[in-house]
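Structure file start.txt (compact mmCIF, C-alpha atoms) follows.
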```
# COMPACT_ATOMS: atom_id res chain seq x y z
CA MET P 40 25.80 -33.78 40.60
CA LYS P 41 29.25 -32.29 41.27
CA TYR P 42 30.07 -35.33 43.38
CA ILE P 43 29.11 -37.65 40.51
CA VAL P 44 31.21 -35.67 38.01
CA LYS P 45 34.22 -35.68 40.34
CA SER P 46 33.80 -39.42 40.88
CA ILE P 47 33.73 -40.06 37.14
CA ILE P 48 36.84 -37.93 36.63
CA CYS P 49 38.65 -39.81 39.41
CA ILE P 50 37.71 -43.16 37.88
CA LEU P 51 38.96 -42.06 34.45
CA LEU P 52 42.22 -40.83 35.95
CA VAL P 53 42.73 -44.12 37.78
CA LEU P 54 42.07 -46.06 34.57
CA GLN P 55 44.46 -43.84 32.61
CA ILE P 56 47.18 -44.19 35.25
CA GLY P 57 46.64 -47.94 35.33
CA TYR P 58 46.91 -48.13 31.55
CA ALA P 59 50.20 -46.22 31.62
CA GLN P 60 51.63 -48.29 34.48
CA ASP P 61 50.74 -51.63 32.88
CA ASN P 62 53.40 -51.15 30.22
CA LYS P 63 56.15 -49.99 32.58
CA PHE P 64 59.74 -51.15 32.29
CA ASN P 65 63.01 -49.94 33.75
CA GLU P 66 63.69 -46.77 31.76
CA ASP P 67 67.16 -46.25 33.24
CA LYS P 68 68.22 -49.76 32.27
CA LEU P 69 66.76 -49.25 28.79
CA LEU P 70 69.24 -46.42 28.29
CA ASP P 71 72.10 -48.15 30.11
CA ARG P 72 71.84 -51.28 27.97
CA LEU P 73 71.70 -49.22 24.78
CA GLU P 74 74.79 -47.30 25.85
CA VAL P 75 76.70 -50.50 26.59
CA LEU P 76 75.73 -52.33 23.40
CA SER P 77 76.62 -49.33 21.22
CA SER P 78 79.98 -48.71 22.91
CA ASP P 79 83.36 -49.11 21.20
CA LYS P 80 83.90 -52.39 23.07
CA PHE P 81 81.56 -54.14 20.61
CA GLU P 82 83.43 -52.80 17.55
CA GLY P 83 80.30 -52.17 15.52
CA ARG P 84 78.93 -55.74 15.91
CA ARG P 85 79.64 -56.76 12.32
CA THR P 86 78.46 -60.25 11.39
CA GLY P 87 81.22 -62.83 11.75
CA GLU P 88 83.56 -60.60 13.76
CA LYS P 89 84.62 -60.42 17.41
CA GLY P 90 82.35 -57.51 18.27
CA ASN P 91 79.34 -59.47 17.05
CA ASP P 92 80.34 -62.37 19.32
CA LEU P 93 80.57 -59.99 22.28
CA GLY P 94 77.18 -58.53 21.42
CA ARG P 95 75.53 -61.94 21.39
CA ALA P 96 77.11 -62.83 24.72
CA PHE P 97 75.70 -59.61 26.19
CA ILE P 98 72.22 -60.38 24.88
CA ILE P 99 72.28 -63.94 26.21
CA LYS P 100 73.40 -62.76 29.66
CA GLU P 101 70.56 -60.23 29.79
CA PHE P 102 68.02 -62.84 28.69
CA LYS P 103 69.22 -65.22 31.41
CA ASP P 104 69.19 -62.50 34.07
CA LEU P 105 65.63 -61.56 33.06
CA GLY P 106 64.37 -65.14 33.17
CA VAL P 107 63.90 -65.54 29.40
CA ASP P 108 64.26 -69.20 28.42
CA ALA P 109 66.33 -70.40 25.47
CA PHE P 110 64.32 -71.14 22.34
CA ASN P 111 64.27 -74.85 21.41
CA GLY P 112 67.04 -75.54 23.92
CA SER P 113 69.53 -72.91 22.74
CA TYR P 114 69.87 -69.14 22.75
CA GLU P 115 72.11 -69.16 19.66
CA HIS P 116 70.91 -70.45 16.30
CA ALA P 117 73.65 -70.64 13.68
CA PHE P 118 73.35 -70.30 9.91
CA SER P 119 75.65 -69.49 7.01
CA PHE P 120 75.28 -67.78 3.66
CA ASP P 121 77.14 -66.39 0.68
CA SER P 122 76.79 -62.81 -0.47
CA ARG P 123 78.40 -60.37 -2.90
CA VAL P 124 80.95 -59.44 -0.23
CA GLY P 125 81.86 -62.96 0.91
CA SER P 126 80.80 -66.03 2.87
CA PHE P 127 79.53 -65.62 6.41
CA SER P 128 78.69 -67.63 9.50
CA ALA P 129 76.09 -65.89 11.64
CA LYS P 130 73.95 -66.50 14.72
CA ASN P 131 70.50 -65.34 15.74
CA VAL P 132 69.82 -65.03 19.48
CA LEU P 133 66.36 -66.33 20.41
CA GLY P 134 64.52 -66.47 23.72
CA ILE P 135 60.98 -67.51 24.57
CA VAL P 136 58.33 -66.67 27.14
CA LYS P 137 55.61 -69.32 27.11
CA GLY P 138 51.99 -68.24 26.71
CA THR P 139 49.41 -68.97 29.38
CA GLU P 140 46.51 -69.68 26.99
CA PHE P 141 48.02 -70.28 23.54
CA PRO P 142 51.48 -71.79 24.12
CA ASP P 143 51.66 -73.11 20.54
CA LYS P 144 50.86 -69.75 18.93
CA TYR P 145 53.73 -67.29 18.65
CA ILE P 146 54.16 -63.54 18.50
CA VAL P 147 57.71 -62.72 17.41
CA ILE P 148 59.21 -59.51 18.81
CA SER P 149 62.35 -58.71 16.83
CA ALA P 150 65.32 -56.40 16.38
CA HIS P 151 68.73 -56.96 14.78
CA HIS P 152 71.92 -57.16 16.80
CA ASP P 153 74.42 -56.74 13.96
CA HIS P 154 75.73 -53.49 12.48
CA LEU P 155 78.53 -52.37 10.14
CA GLY P 156 81.67 -52.97 12.19
CA LYS P 157 84.83 -50.90 11.68
CA SER P 158 86.53 -49.07 8.84
CA GLY P 159 90.11 -48.13 9.63
CA ASP P 160 90.06 -46.31 12.95
CA LYS P 161 86.34 -45.51 12.70
CA ILE P 162 83.74 -47.61 14.52
CA PHE P 163 80.14 -47.78 13.35
CA ASN P 164 78.51 -48.26 16.75
CA GLY P 165 74.93 -48.39 15.48
CA ALA P 166 73.24 -46.97 18.57
CA ASP P 167 69.96 -46.26 16.82
CA ASP P 168 70.54 -48.94 14.17
CA ASP P 169 69.77 -51.21 15.92
CA ALA P 170 71.08 -51.39 19.46
CA SER P 171 67.94 -49.41 20.25
CA GLY P 172 65.72 -52.28 19.14
CA VAL P 173 67.78 -54.87 21.01
CA SER P 174 67.64 -52.91 24.26
CA ALA P 175 63.87 -52.69 23.76
CA LEU P 176 63.77 -56.52 23.69
CA PHE P 177 65.01 -56.45 27.29
CA ALA P 178 62.28 -53.96 28.19
CA PHE P 179 59.79 -56.45 26.73
CA ALA P 180 61.33 -59.18 28.88
CA GLU P 181 60.82 -57.02 31.99
CA TYR P 182 57.21 -56.34 31.01
CA LEU P 183 56.45 -60.01 30.26
CA LYS P 184 57.90 -61.09 33.60
CA LYS P 185 55.25 -59.01 35.36
CA ASN P 186 52.52 -59.56 32.77
CA PRO P 187 52.49 -63.19 31.53
CA PRO P 188 51.32 -63.22 27.89
CA ARG P 189 48.44 -65.23 26.47
CA HIS P 190 50.47 -66.21 23.40
CA SER P 191 54.03 -67.51 23.49
CA ILE P 192 56.50 -64.73 22.78
CA ILE P 193 59.73 -65.25 20.87
CA LEU P 194 62.24 -62.48 21.58
CA ALA P 195 64.46 -62.49 18.49
CA ALA P 196 67.74 -60.64 18.04
CA PHE P 197 68.49 -61.38 14.40
CA ASP P 198 71.96 -61.37 12.85
CA ALA P 199 73.03 -60.20 9.38
CA GLU P 200 70.20 -57.74 8.80
CA GLU P 201 72.74 -55.38 7.28
CA LEU P 202 73.72 -58.10 4.80
CA GLY P 203 70.25 -58.64 3.39
CA LEU P 204 67.89 -59.57 6.25
CA ARG P 205 69.61 -62.95 6.38
CA GLY P 206 68.84 -63.83 9.99
CA ALA P 207 65.15 -63.09 9.62
CA LYS P 208 64.99 -65.05 6.37
CA TYR P 209 66.60 -68.06 8.03
CA PHE P 210 64.25 -67.87 11.01
CA VAL P 211 61.10 -67.59 8.90
CA GLU P 212 62.16 -70.53 6.73
CA LYS P 213 62.80 -72.67 9.80
CA MET P 214 59.52 -71.65 11.44
CA LYS P 215 57.27 -71.80 8.37
CA GLU P 216 55.29 -74.75 9.72
CA SER P 217 54.77 -73.08 13.11
CA ASN P 218 51.78 -70.97 14.05
CA ILE P 219 53.19 -67.43 14.05
CA VAL P 220 50.40 -64.97 14.78
CA ALA P 221 52.40 -61.84 13.97
CA ASN P 222 55.79 -60.15 14.00
CA ILE P 223 56.53 -56.86 15.76
CA ASN P 224 59.85 -55.54 14.46
CA MET P 225 61.82 -52.64 15.96
CA ASP P 226 64.59 -50.94 14.01
CA MET P 227 65.83 -47.39 14.68
CA ILE P 228 63.50 -46.33 17.48
CA SER P 229 65.72 -44.10 19.66
CA ARG P 230 66.15 -40.91 17.68
CA SER P 231 63.61 -38.35 16.46
CA ALA P 232 63.85 -34.57 16.29
CA LYS P 233 60.13 -34.40 15.48
CA ASN P 234 59.00 -36.73 18.29
CA GLU P 235 57.36 -39.01 15.71
CA LEU P 236 57.32 -42.80 15.51
CA TYR P 237 56.11 -44.60 12.39
CA VAL P 238 54.24 -47.88 12.29
CA VAL P 239 54.11 -49.87 9.04
CA GLY P 240 52.13 -52.98 8.17
CA SER P 241 48.63 -52.44 9.53
CA ARG P 242 47.22 -51.96 6.04
CA TYR P 243 47.86 -55.62 5.22
CA ASN P 244 45.77 -57.13 8.03
CA LYS P 245 42.29 -56.14 9.23
CA GLY P 246 42.99 -57.14 12.82
CA LEU P 247 46.19 -55.11 13.02
CA LYS P 248 44.53 -52.18 11.29
CA ALA P 249 41.80 -52.16 13.94
CA ILE P 250 44.35 -52.37 16.75
CA ILE P 251 46.27 -49.35 15.42
CA GLU P 252 43.13 -47.33 14.68
CA GLU P 253 41.75 -47.96 18.19
CA PHE P 254 45.09 -47.54 19.95
CA LYS P 255 45.20 -45.24 22.98
CA ASN P 256 48.64 -43.65 22.99
CA PRO P 257 49.99 -43.38 26.57
CA THR P 258 52.65 -40.82 25.57
CA ASP P 259 53.01 -37.42 23.89
CA THR P 260 55.00 -38.95 21.01
CA LYS P 261 53.06 -39.06 17.76
CA LEU P 262 52.40 -42.53 16.32
CA LEU P 263 52.06 -42.15 12.56
CA VAL P 264 50.87 -44.70 10.03
CA GLY P 265 52.91 -44.29 6.87
CA HIS P 266 55.80 -45.36 4.66
CA ASP P 267 53.61 -48.28 3.62
CA GLY P 268 53.32 -47.62 -0.11
CA THR P 269 50.22 -45.44 0.12
CA ASP P 270 51.51 -41.99 1.07
CA GLY P 271 54.08 -41.18 -1.61
CA LYS P 272 56.93 -41.60 0.86
CA GLN P 273 59.66 -44.24 0.81
CA ASP P 274 57.99 -47.65 1.21
CA TRP P 275 59.38 -49.53 4.22
CA THR P 276 57.38 -52.73 3.74
CA PHE P 277 60.55 -54.74 3.08
CA SER P 278 63.12 -52.40 4.63
CA SER P 279 64.05 -54.47 7.70
CA ASP P 280 63.58 -57.88 9.30
CA HIS P 281 59.79 -57.73 9.02
CA GLY P 282 60.19 -58.16 5.25
CA PRO P 283 60.65 -61.96 5.28
CA PHE P 284 57.60 -62.31 7.53
CA HIS P 285 55.51 -60.32 5.08
CA ARG P 286 56.75 -62.40 2.15
CA ALA P 287 55.65 -65.49 4.08
CA LYS P 288 52.20 -63.90 4.54
CA ILE P 289 52.71 -63.46 8.28
CA PRO P 290 51.11 -60.26 9.64
CA PHE P 291 53.62 -57.69 10.86
CA LEU P 292 54.01 -54.28 12.44
CA TYR P 293 57.28 -52.44 11.95
CA PHE P 294 58.15 -49.55 14.26
CA GLY P 295 60.88 -47.17 13.18
CA ASN P 296 61.83 -43.71 12.11
CA GLU P 297 63.05 -41.83 9.08
CA ASP P 298 66.76 -41.86 8.27
CA HIS P 299 68.78 -39.22 10.10
CA ALA P 300 72.17 -37.64 9.41
CA ALA P 301 74.00 -40.41 11.31
CA TYR P 302 72.35 -43.31 9.47
CA HIS P 303 75.06 -45.89 8.59
CA LYS P 304 77.77 -43.50 9.75
CA PRO P 305 80.25 -43.60 12.65
CA SER P 306 78.24 -40.77 14.23
CA ASP P 307 75.33 -43.08 15.11
CA ASP P 308 76.31 -42.93 18.77
CA PHE P 309 74.50 -43.12 22.10
CA LYS P 310 75.18 -39.46 22.91
CA ASP P 311 72.93 -38.35 20.05
CA ILE P 312 69.82 -40.42 20.75
CA THR P 313 66.62 -38.72 21.95
CA PRO P 314 66.09 -40.30 25.40
CA LYS P 315 62.53 -39.12 26.07
CA PHE P 316 61.42 -40.13 22.59
CA TYR P 317 63.10 -43.52 22.97
CA LYS P 318 61.34 -44.24 26.26
CA ASN P 319 58.03 -43.16 24.73
CA ALA P 320 58.61 -45.29 21.63
CA VAL P 321 59.20 -48.42 23.70
CA SER P 322 56.14 -47.64 25.83
CA ILE P 323 54.02 -47.29 22.67
CA ILE P 324 55.29 -50.55 21.18
CA ILE P 325 54.68 -52.51 24.38
CA SER P 326 51.17 -51.04 24.58
CA VAL P 327 50.40 -52.06 20.99
CA PHE P 328 51.75 -55.53 21.73
CA ARG P 329 49.51 -55.77 24.79
CA ASP P 330 46.47 -55.03 22.65
CA LEU P 331 47.57 -57.62 20.08
CA ASP P 332 48.17 -60.29 22.71
CA ALA P 333 44.78 -59.59 24.31
CA LYS P 334 42.74 -59.50 21.10
CA GLY P 335 44.64 -61.87 18.83
CA LEU P 336 44.13 -61.88 15.06
```
Starting from the file, give its structure as structure tokens.
Amino acid sequence: MKYIVKSIICILLVLQIGYAQDNKFNEDKLLDRLEVLSSDKFEGRRTGEKGNDLGRAFIIKEFKDLGVDAFNGSYEHAFSFDSRVGSFSAKNVLGIVKGTEFPDKYIVISAHHDHLGKSGDKIFNGADDDASGVSALFAFAEYLKKNPPRHSIILAAFDAEELGLRGAKYFVEKMKESNIVANINMDMISRSAKNELYVVGSRYNKGLKAIIEEFKNPTDTKLLVGHDGTDGKQDWTFSSDHGPFHRAKIPFLYFGNEDHAAYHKPSDDFKDITPKFYKNAVSIIISVFRDLDAKGL
């Protein structure tokens, strides 16, 4: 009997270790890329400015190095718009990993590469907002290289989020006739004093709700469902680039955290992120994606 019990325990441990290893990515590079993209060199990555151009070039180089193909023949997808603060030319950066079973069905993994730029001698580096999400896109690319997805995956670094979710709106409008299964959006995922990550959007889709309810968290970071209009807290349903997907009735999951003292301030720097939390957050998001890709909606 003891032998049987020990055997069962060993099997469970092997399964647990396998589950954790399946979503592995290069944690050191996750941090290195975040540090680079949120450095002064990129001048806050404001839409239409030099730092934004440098940021896009960095993203494209990483996509190429990781074997991510250009989407529809180009990594950069330009658009323009007028806003209260002026007229802008902007560019989304899009890559694709083709699905093995459903190449014409897309899961969009997104973050935004723009931030607030400079003000005088102060640079708004936007480490958490949202260089953290962009660096996570590269972690996804590493994972997908080792684990080919069933659905086609669009890795989207949207521009002009800070100016009204413009890049996501443009993308959704252009892709409205395509079969987008779901959007997973990452914005502000590298900093948490409470070791808590929020997920928003599961309440709007039965399939996503089941995935989140049945999710086996491979980390010690808490995954909380909230900020979705049901808990009395600030509603994040339209707070970032997942908003245009939701308006287009495309299922979404948004992963993020509550505003911190450095939100939209020059103090949003790499030195103040929470590295262990960030690694855990990316591991959680990749694991949720894996369940979504396996089960579909």
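You will find CA of Asp71 (chain P) at 29.3 Å from CA of Gly282 (chain P).
Straight-line separation from CA of Gly112 (chain P) to CA of Val327 (chain P): 28.9 Å.
The residue that comes closest to Val75 (chain P), out of P:Phe309, P:Ala117, P:Met214, P:Gly172 and on the basis of only C-alpha atoms, is P:Phe309.
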Once you count all atoms listed in the file, what closest atom pair and distance in Å to one decimal does each residue of region 110-158 of chain P within 9 Å of region 221-242 of chain P have, with rows by chain and rising residue number, as JSON lines?
```
{"residue": "P:Tyr145", "atom": "CA", "partner": "P:Ala221", "partner_atom": "CA", "distance": 7.3}
{"residue": "P:Ile146", "atom": "CA", "partner": "P:Ala221", "partner_atom": "CA", "distance": 5.1}
{"residue": "P:Val147", "atom": "CA", "partner": "P:Asn222", "partner_atom": "CA", "distance": 4.7}
{"residue": "P:Ile148", "atom": "CA", "partner": "P:Ile223", "partner_atom": "CA", "distance": 4.8}
{"residue": "P:Ser149", "atom": "CA", "partner": "P:Asn224", "partner_atom": "CA", "distance": 4.7}
{"residue": "P:Ala150", "atom": "CA", "partner": "P:Met225", "partner_atom": "CA", "distance": 5.2}
{"residue": "P:His151", "atom": "CA", "partner": "P:Asp226", "partner_atom": "CA", "distance": 7.3}
```
Once you count all atoms listed in the file, which residues end up no further than 9 Å from (71.4, -54.8, 9.2) in the file's frame, shown as number ranges by chain? P: 151-155, 168-169, 197-205, 279-280
Restricting the calculation to all atoms listed in the file, which member of P:Ser126, P:Phe210, P:Leu133, P:Asp167 is positioned closest to Ile312 (chain P)? P:Asp167
With a distance cut-off of 8 Å and all atoms listed in the file, select the neighbouring residues of Leu76 (chain P), excluding the residue or stretch itself and same-chain residues fewer than 3 positions from it, and output the selection as a count of residues only. 7
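Each of P:Asn186, P:Ser217, P:Asn244, P:Ser191 was checked against Ser326 (chain P) using all atoms listed in the file; the smallest atom-to-atom distance is that of P:Asn186.
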For a cut-off of 10 Å around (60.4, -60.4, 31.1), file coordinates, pick out all residues using only C-alpha atoms and list them as a VMD selection string. chain P and resid 64 102 104 to 108 135 to 136 176 to 187 194
